[in-house]
Protein chains: 2
Amino acid sequence: MAGIADIAKAAGVSTAVVSRVINGDSTLRIAEETRKRVLRIAEEHDYAPNSAASSLRSSHSGLIAMVVHDVTNPVYAEILSGAQHQATLQGQAILISEASALDNQASRLLRLIGGRGVDGLILQSVGQLSDTALARAARKKIPTVLLQTELDADATLLTLPDIEAAELATQHLIDLGHARIGCLATREGLTFTQNRVEGWQTALHAAGLEVENSALEFADPAIDDGRMMARKILEANPDLTGLVCCNAVSAIGALEAASQMQIDVPNQLSIVAIHDIEMARHLRIPLTTVKMPLFEMGVRAIEMLSGSQSVSAGRVAITEQPVLVERSSTRVL
Amino acid sequence: MAGIADIAKAAGVSTAVVSRVINGDSTLRIAEETRKRVLRIAEEHDYAPNSAASSLRSSHSGLIAMVVHDVTNPVYAEILSGAQHQATLQGQAILISEASALDNQASRLLRLIGGRGVDGLILQSVGQLSDTALARAARKKIPTVLLQTELDADATLLTLPDIEAAELATQHLIDLGHARIGCLATREGLTFTQNRVEGWQTALHAAGLEVENSALEFADPAIDDGRMMARKILEANPDLTGLVCCNAVSAIGALEAASQMQIDVPNQLSIVAIHDIEMARHLRIPLTTVKMPLFEMGVRAIEMLSGSQSVSAGRVAITEQPVLVERSSTRVL
DNA sequence: TATTGATGGTAATACGTTTTAACGAAAAAT
DNA sequence: ATTTTTCGTTAAAACGTATTACCATCAATA
């Protein structure tokens, strides 16, 4: 209920002084004595600046919108957690949305983006978005970070070492003596999907092995989709002994498919997945994975938005290398 | 860049008309002809109302802040997903934060709450919050929904059938012939923790069984904590044959502990957990669970905030009854 | 004809900050 | 003693919308 004017009056100064004290404006100094007095009075009155008014005048809200495909996917949850952590450190807050919300024209998120209500935008796994939402953001010049997925907009692309991770996973199987290796990919058309598939192919080629097209499937990173992909691949290629999964959640589906088809993992089939989610250790068959810095990616995305870093720079790569975590789902042939 | 004034001028009307057309104000009708013209011109100019200005004038932002203990916990992720879904439907957006962020005094979230930048507040698993954050929200009369946890503030409490769920879980073990049954609870002092523990006790009493205090432990709903709790309980009570876990994530830890202690599940020990998370089917030993409407709870929380429902009503219960999902972690004794 | 009512629109104000430019006083430099 | 600098502060102007109260116009009723 108390406004800045009330505080100013009570402290015997102008509103400008109160504003500077509260916001810690550094360009213009305030006498230590008045500063303390204002602070004390503000505290007494339980004063907090009206955020709408503040945003209106200063034209930044401290809000960052983040869009992920699915919050319940542990991979995305971890990225979100990192972003949330860093945003808090920087005095910003995160507006979360699942991708499906972007289709809803009445979505408040879209209105916020259109109305410059957010200072930044983070898009993850958002493929087919040449439509309103992003187009608007781009036109409104809202700083945007794309996570793992290229899009025709002048936004910064933040990437993980996807090619390396897929190579590492595939090479691990090759080292174990496997020669016929399939790939459960994520959604087709996404940059990181392409990169991981490329890593898989590269490793096979380098070892002089054959790349079987019927051993490659694309779908969403969900358990059900993973099961279906695995079934399809395994039925088409009964002689397969290794499977690279581009997302750990798909791998869970693959384990299920193998079980249903009476294929023993790891004795008849070795499975390795990208992303070392916590659950990997606790599955029916503990999963061999390639660990990627997901939390770190969330942190970096936030840093890039508010950082002095190149605003429109083309792409930034997280250089921390993926590491293989061996468990029970892979085995020497 | 285009403001409401530009649109008004281009359409040959006043700004008031534009505002009414855009916001669909129902109190005052606008000629269909002008409505279409304004809409078309707004579209052409790619106009979207400045959200800060809009919030300032109308004093509501369409933002709802949600605080959960840990985003990566699948239980909480599902609640969040439900909230996000419903918020989108209602034209609102969700500001997500993990509980730890509330400790950070510079947190933007706190400033938003203090500065009436959010229309509502949802708090989950937030225990020790008699401090600034919530105190402010209460003083500022921000509508608040408490998820599963009482707090000394005049907020609405939204609850799941916790007692029933715990009774159901415990009764299932009793029906299987178990007589010595322990309980892995969540954090002490939270309302839902108390209720679940109560359900456990009630079921035991009703069956004339003993409630062993050394078979009850409290900790955070995390795998590591679950493992530690289970180990403690099992060491103190070697004759235990059943375990009720108040959170499925803790149960994963319990499975791990049992494995480390060479206790066979379900032959020597039956485990049943509350919350049927997707992973439950895919664990080393598929988990018997009690399914609760988590997504639905997120939905309801949002509905309650914007609904015409009793604003300050004491408590609302989700009446959908918990159902038992039998898998392989429980077995007749 | 005069009166009412409905319809479609306007002008101007308030929302509560942040920030710009200017200003007096005190201290330092000339 | 005068000029310059620095310091601390102020007054007033945006920021861009939603909304209130008021006003035409016109058709229909009395």
# chains A, B, ... in the order shown; residues from 1 in each chain; ligands from 1
>>> residues_around(residues="Gly62 in chain B", least_positions_apart="6", cutoff="9 Å", atoms="only C-alpha atoms (C1' of nucleotides)", output="PyMOL selection string")
(chain A and resi 108) or (chain B and resi 55+91-94+117-120)
>>> closest_atom_pairs(of="chain A", to="chain C", cutoff="9 Å", atoms="only C-alpha atoms (C1' of nucleotides)", output="JSON lines")
{"residue": "A:Gly3", "atom": "CA", "partner": "C:DG16", "partner_atom": "C1'", "distance": 7.0}
{"residue": "A:Ile4", "atom": "CA", "partner": "C:DG16", "partner_atom": "C1'", "distance": 7.5}
{"residue": "A:Ala5", "atom": "CA", "partner": "C:DG16", "partner_atom": "C1'", "distance": 8.8}
{"residue": "A:Ala16", "atom": "CA", "partner": "C:DT18", "partner_atom": "C1'", "distance": 7.9}
{"residue": "A:Ser19", "atom": "CA", "partner": "C:DT18", "partner_atom": "C1'", "distance": 7.4}
{"residue": "A:Arg20", "atom": "CA", "partner": "C:DT18", "partner_atom": "C1'", "distance": 8.9}
{"residue": "A:Pro49", "atom": "CA", "partner": "C:DT17", "partner_atom": "C1'", "distance": 7.5}
{"residue": "A:Asn50", "atom": "CA", "partner": "C:DG16", "partner_atom": "C1'", "distance": 6.6}
{"residue": "A:Ser51", "atom": "CA", "partner": "C:DT17", "partner_atom": "C1'", "distance": 8.4}
{"residue": "A:Ala52", "atom": "CA", "partner": "C:DG16", "partner_atom": "C1'", "distance": 8.3}
{"residue": "A:Ala53", "atom": "CA", "partner": "C:DT17", "partner_atom": "C1'", "distance": 4.8}
{"residue": "A:Ser54", "atom": "CA", "partner": "C:DT17", "partner_atom": "C1'", "distance": 4.9}
{"residue": "A:Ser55", "atom": "CA", "partner": "C:DT17", "partner_atom": "C1'", "distance": 8.2}
{"residue": "A:Leu56", "atom": "CA", "partner": "C:DT17", "partner_atom": "C1'", "distance": 7.7}
{"residue": "A:Arg57", "atom": "CA", "partner": "C:DT18", "partner_atom": "C1'", "distance": 5.5}
{"residue": "A:Ser58", "atom": "CA", "partner": "C:DT18", "partner_atom": "C1'", "distance": 6.0}
>>> write_last_selection(atoms="N, CA and C atoms", output="PDB file, in the first residue's frame")
ATOM      1  N   GLY A   3       3.647   3.744  -1.091  1.00  0.00           N
ATOM      2  CA  GLY A   3       4.355   4.038  -2.332  1.00  0.00           C
ATOM      3  C   GLY A   3       5.661   4.734  -2.065  1.00  0.00           C
ATOM      4  N   ILE A   4       6.403   4.944  -3.144  1.00  0.00           N
ATOM      5  CA  ILE A   4       7.706   5.570  -2.975  1.00  0.00           C
ATOM      6  C   ILE A   4       7.564   6.981  -2.416  1.00  0.00           C
ATOM      7  N   ALA A   5       6.464   7.619  -2.735  1.00  0.00           N
ATOM      8  CA  ALA A   5       6.240   8.989  -2.264  1.00  0.00           C
ATOM      9  C   ALA A   5       6.091   9.018  -0.742  1.00  0.00           C
ATOM     10  N   ALA A  16      13.295  10.595  -5.799  1.00  0.00           N
ATOM     11  CA  ALA A  16      14.477  10.189  -6.556  1.00  0.00           C
ATOM     12  C   ALA A  16      15.511   9.547  -5.636  1.00  0.00           C
ATOM     13  N   SER A  19      14.444   6.061  -4.652  1.00  0.00           N
ATOM     14  CA  SER A  19      14.655   5.133  -5.755  1.00  0.00           C
ATOM     15  C   SER A  19      16.115   4.725  -5.859  1.00  0.00           C
ATOM     16  N   ARG A  20      16.991   5.709  -5.757  1.00  0.00           N
ATOM     17  CA  ARG A  20      18.419   5.397  -5.886  1.00  0.00           C
ATOM     18  C   ARG A  20      18.904   4.516  -4.751  1.00  0.00           C
ATOM     19  N   PRO A  49       9.148  -1.714  -4.197  1.00  0.00           N
ATOM     20  CA  PRO A  49       8.747  -0.992  -5.408  1.00  0.00           C
ATOM     21  C   PRO A  49       7.753  -1.804  -6.226  1.00  0.00           C
ATOM     22  N   ASN A  50       6.749  -1.159  -6.720  1.00  0.00           N
ATOM     23  CA  ASN A  50       5.778  -1.816  -7.604  1.00  0.00           C
ATOM     24  C   ASN A  50       6.493  -2.283  -8.874  1.00  0.00           C
ATOM     25  N   SER A  51       6.439  -3.566  -9.103  1.00  0.00           N
ATOM     26  CA  SER A  51       7.263  -4.090 -10.195  1.00  0.00           C
ATOM     27  C   SER A  51       6.758  -3.673 -11.569  1.00  0.00           C
ATOM     28  N   ALA A  52       5.473  -3.509 -11.719  1.00  0.00           N
ATOM     29  CA  ALA A  52       4.959  -3.084 -13.018  1.00  0.00           C
ATOM     30  C   ALA A  52       5.463  -1.673 -13.343  1.00  0.00           C
ATOM     31  N   ALA A  53       5.328  -0.806 -12.393  1.00  0.00           N
ATOM     32  CA  ALA A  53       5.785   0.567 -12.613  1.00  0.00           C
ATOM     33  C   ALA A  53       7.271   0.591 -12.893  1.00  0.00           C
ATOM     34  N   SER A  54       7.997  -0.185 -12.123  1.00  0.00           N
ATOM     35  CA  SER A  54       9.436  -0.243 -12.295  1.00  0.00           C
ATOM     36  C   SER A  54       9.806  -0.735 -13.694  1.00  0.00           C
ATOM     37  N   SER A  55       9.145  -1.789 -14.120  1.00  0.00           N
ATOM     38  CA  SER A  55       9.429  -2.323 -15.451  1.00  0.00           C
ATOM     39  C   SER A  55       9.067  -1.314 -16.523  1.00  0.00           C
ATOM     40  N   LEU A  56       7.951  -0.676 -16.325  1.00  0.00           N
ATOM     41  CA  LEU A  56       7.490   0.271 -17.338  1.00  0.00           C
ATOM     42  C   LEU A  56       8.522   1.367 -17.555  1.00  0.00           C
ATOM     43  N   ARG A  57       9.003   1.892 -16.457  1.00  0.00           N
ATOM     44  CA  ARG A  57       9.933   3.006 -16.582  1.00  0.00           C
ATOM     45  C   ARG A  57      11.304   2.528 -17.066  1.00  0.00           C
ATOM     46  N   SER A  58      11.777   1.474 -16.468  1.00  0.00           N
ATOM     47  CA  SER A  58      13.152   1.070 -16.757  1.00  0.00           C
ATOM     48  C   SER A  58      13.241   0.177 -17.982  1.00  0.00           C
TER      49      SER A  58
END
>>> interface_residues(of="chain A", to="chain B", cutoff="8 Å", atoms="only C-alpha atoms", output="ChimeraX atom specification")
/A:1,46-53,55-56,62,71-72,74,77-78,80-81,84-85,88-98,101,104,106-109,111-112,114-117,136,140,252,256,279,282-286
>>> write_last_selection(atoms="C-alpha atoms", output="compact mmCIF listing (two decimals), in the first residue's frame")
# COMPACT_ATOMS: atom_id res chain seq x y z
CA MET A 1 0.00 0.00 0.00
CA ASP A 46 7.45 -2.71 4.46
CA TYR A 47 7.99 -0.94 1.19
CA ALA A 48 8.75 -2.74 -2.06
CA PRO A 49 8.75 -0.99 -5.41
CA ASN A 50 5.78 -1.82 -7.60
CA SER A 51 7.26 -4.09 -10.20
CA ALA A 52 4.96 -3.08 -13.02
CA ALA A 53 5.79 0.57 -12.61
CA SER A 55 9.43 -2.32 -15.45
CA LEU A 56 7.49 0.27 -17.34
CA GLY A 62 14.06 -9.24 -14.71
CA VAL A 71 9.07 -30.49 -17.94
CA THR A 72 8.75 -34.02 -16.70
CA PRO A 74 14.48 -35.46 -16.32
CA ALA A 77 14.26 -30.70 -15.66
CA GLU A 78 17.95 -30.62 -14.96
CA LEU A 80 15.73 -25.94 -15.97
CA SER A 81 17.20 -26.42 -12.54
CA GLN A 84 16.71 -21.40 -12.23
CA HIS A 85 19.78 -21.50 -10.03
CA THR A 88 18.30 -16.46 -8.88
CA LEU A 89 21.95 -15.57 -8.42
CA GLN A 90 21.61 -12.81 -10.96
CA GLY A 91 18.43 -11.43 -9.50
CA GLN A 92 16.25 -12.68 -12.29
CA ALA A 93 13.30 -15.02 -12.38
CA ILE A 94 12.25 -17.75 -14.77
CA LEU A 95 8.99 -18.06 -16.56
CA ILE A 96 8.55 -21.69 -17.53
CA SER A 97 6.46 -23.07 -20.31
CA GLU A 98 6.09 -26.30 -22.14
CA ALA A 101 1.71 -23.65 -24.71
CA ASN A 104 -2.25 -21.38 -27.58
CA ALA A 106 -4.21 -16.62 -25.82
CA SER A 107 -1.14 -17.74 -23.92
CA ARG A 108 0.07 -15.14 -21.52
CA LEU A 109 3.59 -16.08 -22.39
CA ARG A 111 1.64 -11.72 -24.84
CA LEU A 112 4.54 -11.17 -22.49
CA GLY A 114 5.19 -9.62 -27.66
CA GLY A 115 4.78 -6.90 -25.09
CA ARG A 116 8.44 -6.88 -24.14
CA GLY A 117 7.54 -8.24 -20.75
CA ARG A 136 7.61 -11.72 -32.80
CA LYS A 140 11.03 -7.21 -30.98
CA ILE A 252 14.35 -46.84 -20.94
CA GLU A 256 11.48 -52.43 -22.21
CA MET A 279 17.59 -42.81 -12.77
CA HIS A 282 18.39 -47.53 -10.79
CA LEU A 283 16.83 -49.10 -13.84
CA ARG A 284 16.07 -52.75 -14.29
CA ILE A 285 19.38 -52.92 -16.03
CA PRO A 286 21.63 -50.07 -14.93
>>> atom_distance(atom1="CA of Ala222 in chain B", atom2="CA of Asp264 in chain B")
21.8 Å
>>> atom_distance(atom1="CA of Arg196 in chain A", atom2="CA of His275 in chain A")
12.1 Å
>>> atom_distance(atom1="CA of Asp175 in chain A", atom2="CA of Glu198 in chain A")
18.6 Å
>>> residues_around(residues="range 324-327 of chain A", least_positions_apart="5", cutoff="12 Å", atoms="only C-alpha atoms (C1' of nucleotides)", output="MDAnalysis selection string")
chainID A and resid 164:173 176 265:266 270:278 280:292 332
>>> select_by_dssp(residues="range 80-296 of chain B", states="helix (DSSP H, G or I)", output="PyMOL selection string")
chain B and resi 80-89+99-103+108-114+132-139+162-175+191-206+213-215+223-236+248-260+278-282+294-296
>>> interface_residues(of="chain D", to="chain A", cutoff="10 Å", atoms="only C-alpha atoms (C1' of nucleotides)", output="ChimeraX atom specification")
/D:7-11,14-17
>>> write_last_selection(atoms="N, CA and C atoms (P, O5', C5', C4', C3', O3' and C1' of nucleotides)", output="PDB file, in the first residue's frame")
ATOM      1  P    DC D   7      32.901  13.567  -5.295  1.00  0.00           P
ATOM      2  O5'  DC D   7      31.673  14.075  -4.416  1.00  0.00           O
ATOM      3  C5'  DC D   7      31.925  14.945  -3.310  1.00  0.00           C
ATOM      4  C4'  DC D   7      30.614  15.377  -2.699  1.00  0.00           C
ATOM      5  C3'  DC D   7      29.570  14.260  -2.630  1.00  0.00           C
ATOM      6  O3'  DC D   7      29.090  14.195  -1.304  1.00  0.00           O
ATOM      7  C1'  DC D   7      28.644  16.203  -3.617  1.00  0.00           C
ATOM      8  P    DG D   8      28.181  12.963  -0.873  1.00  0.00           P
ATOM      9  O5'  DG D   8      26.723  13.605  -0.985  1.00  0.00           O
ATOM     10  C5'  DG D   8      26.353  14.620  -0.053  1.00  0.00           C
ATOM     11  C4'  DG D   8      24.998  15.173  -0.447  1.00  0.00           C
ATOM     12  C3'  DG D   8      23.896  14.115  -0.509  1.00  0.00           C
ATOM     13  O3'  DG D   8      22.902  14.501   0.426  1.00  0.00           O
ATOM     14  C1'  DG D   8      23.867  15.519  -2.432  1.00  0.00           C
ATOM     15  P    DT D   9      21.614  13.625   0.603  1.00  0.00           P
ATOM     16  O5'  DT D   9      20.575  14.340  -0.364  1.00  0.00           O
ATOM     17  C5'  DT D   9      20.354  15.757  -0.213  1.00  0.00           C
ATOM     18  C4'  DT D   9      19.660  16.337  -1.417  1.00  0.00           C
ATOM     19  C3'  DT D   9      18.347  15.670  -1.805  1.00  0.00           C
ATOM     20  O3'  DT D   9      17.265  16.406  -1.217  1.00  0.00           O
ATOM     21  C1'  DT D   9      19.600  16.492  -3.671  1.00  0.00           C
ATOM     22  P    DT D  10      15.803  15.941  -1.453  1.00  0.00           P
ATOM     23  O5'  DT D  10      15.430  16.814  -2.726  1.00  0.00           O
ATOM     24  C5'  DT D  10      15.633  18.230  -2.699  1.00  0.00           C
ATOM     25  C4'  DT D  10      15.164  18.818  -4.020  1.00  0.00           C
ATOM     26  C3'  DT D  10      13.762  18.374  -4.423  1.00  0.00           C
ATOM     27  O3'  DT D  10      13.018  19.515  -4.794  1.00  0.00           O
ATOM     28  C1'  DT D  10      15.299  17.970  -6.188  1.00  0.00           C
ATOM     29  P    DA D  11      11.480  19.500  -4.573  1.00  0.00           P
ATOM     30  O5'  DA D  11      11.003  20.011  -6.006  1.00  0.00           O
ATOM     31  C5'  DA D  11      11.815  20.950  -6.704  1.00  0.00           C
ATOM     32  C4'  DA D  11      11.557  20.843  -8.193  1.00  0.00           C
ATOM     33  C3'  DA D  11      10.119  20.487  -8.567  1.00  0.00           C
ATOM     34  O3'  DA D  11       9.760  21.296  -9.678  1.00  0.00           O
ATOM     35  C1'  DA D  11      11.596  18.896  -9.504  1.00  0.00           C
ATOM     36  P    DA D  14       8.620  14.780 -21.445  1.00  0.00           P
ATOM     37  O5'  DA D  14       7.454  13.841 -20.879  1.00  0.00           O
ATOM     38  C5'  DA D  14       7.176  12.610 -21.512  1.00  0.00           C
ATOM     39  C4'  DA D  14       8.282  11.610 -21.227  1.00  0.00           C
ATOM     40  C3'  DA D  14       7.837  10.203 -21.572  1.00  0.00           C
ATOM     41  O3'  DA D  14       8.862   9.536 -22.254  1.00  0.00           O
ATOM     42  C1'  DA D  14       8.303  10.356 -19.236  1.00  0.00           C
ATOM     43  P    DC D  15       8.485   8.635 -23.492  1.00  0.00           P
ATOM     44  O5'  DC D  15       8.465   7.128 -23.008  1.00  0.00           O
ATOM     45  C5'  DC D  15       9.195   6.664 -21.893  1.00  0.00           C
ATOM     46  C4'  DC D  15       8.477   5.512 -21.248  1.00  0.00           C
ATOM     47  C3'  DC D  15       7.192   5.073 -21.948  1.00  0.00           C
ATOM     48  O3'  DC D  15       7.483   3.968 -22.788  1.00  0.00           O
ATOM     49  C1'  DC D  15       6.941   5.178 -19.548  1.00  0.00           C
ATOM     50  P    DG D  16       6.898   3.957 -24.308  1.00  0.00           P
ATOM     51  O5'  DG D  16       5.433   3.348 -24.121  1.00  0.00           O
ATOM     52  C5'  DG D  16       5.313   2.025 -23.614  1.00  0.00           C
ATOM     53  C4'  DG D  16       3.889   1.771 -23.214  1.00  0.00           C
ATOM     54  C3'  DG D  16       2.867   2.026 -24.325  1.00  0.00           C
ATOM     55  O3'  DG D  16       2.007   0.916 -24.375  1.00  0.00           O
ATOM     56  C1'  DG D  16       2.223   3.135 -22.368  1.00  0.00           C
ATOM     57  P    DT D  17       0.894   0.762 -25.490  1.00  0.00           P
ATOM     58  O5'  DT D  17      -0.426   0.523 -24.625  1.00  0.00           O
ATOM     59  C5'  DT D  17      -0.509  -0.625 -23.803  1.00  0.00           C
ATOM     60  C4'  DT D  17      -1.081  -0.273 -22.458  1.00  0.00           C
ATOM     61  C3'  DT D  17      -2.589  -0.325 -22.377  1.00  0.00           C
ATOM     62  O3'  DT D  17      -2.966  -1.631 -21.968  1.00  0.00           O
ATOM     63  C1'  DT D  17      -1.632   1.460 -21.077  1.00  0.00           C
TER      64       DT D  17
END
>>> select_by_dssp(residues="range 44-197 of chain B", states="strand (DSSP E)", output="PyMOL selection string")
chain B and resi 63-68+93-98+120-124+144-147+156-159+181-185
>>> residues_around(residues="Phe218 in chain A", least_positions_apart="2", cutoff="10 Å", atoms="only C-alpha atoms (C1' of nucleotides)", output="list in words")
Cys183, Leu184, Ala185, Thr186, Arg187, Glu188, Gly189, Thr193, Val197, Leu216, Asp220, Pro221, Asp225, Gly226, Met229 and Cys246 of chain A
>>> write_last_selection(atoms="C-alpha atoms", output="PDB file, in the first residue's frame")
ATOM      1  CA  CYS A 183      20.637 -45.641 -33.276  1.00  0.00           C
ATOM      2  CA  LEU A 184      17.539 -44.348 -31.482  1.00  0.00           C
ATOM      3  CA  ALA A 185      17.504 -40.687 -32.364  1.00  0.00           C
ATOM      4  CA  THR A 186      15.458 -37.807 -31.068  1.00  0.00           C
ATOM      5  CA  ARG A 187      13.077 -35.770 -33.183  1.00  0.00           C
ATOM      6  CA  GLU A 188      14.178 -35.374 -36.774  1.00  0.00           C
ATOM      7  CA  GLY A 189      15.193 -31.953 -37.962  1.00  0.00           C
ATOM      8  CA  THR A 193      19.610 -34.843 -33.396  1.00  0.00           C
ATOM      9  CA  VAL A 197      23.357 -39.167 -35.684  1.00  0.00           C
ATOM     10  CA  LEU A 216      18.062 -45.545 -37.413  1.00  0.00           C
ATOM     11  CA  ASP A 220      10.302 -37.876 -29.241  1.00  0.00           C
ATOM     12  CA  PRO A 221      12.423 -38.489 -26.159  1.00  0.00           C
ATOM     13  CA  ASP A 225       8.486 -43.625 -28.314  1.00  0.00           C
ATOM     14  CA  GLY A 226      11.735 -45.257 -27.297  1.00  0.00           C
ATOM     15  CA  MET A 229      11.717 -47.179 -32.089  1.00  0.00           C
ATOM     16  CA  CYS A 246      20.286 -40.232 -28.172  1.00  0.00           C
TER      17      CYS A 246
END
>>> closest_residue(among="A:Ala8, A:Ile302, A:Val67, A:Leu190", to="Val38 in chain A", atoms="only C-alpha atoms")
A:Ala8
>>> closest_residue(among="B:Leu204, B:Leu160, B:Ile233, B:Ala257", to="Glu217 in chain B", atoms="only C-alpha atoms")
B:Ile233
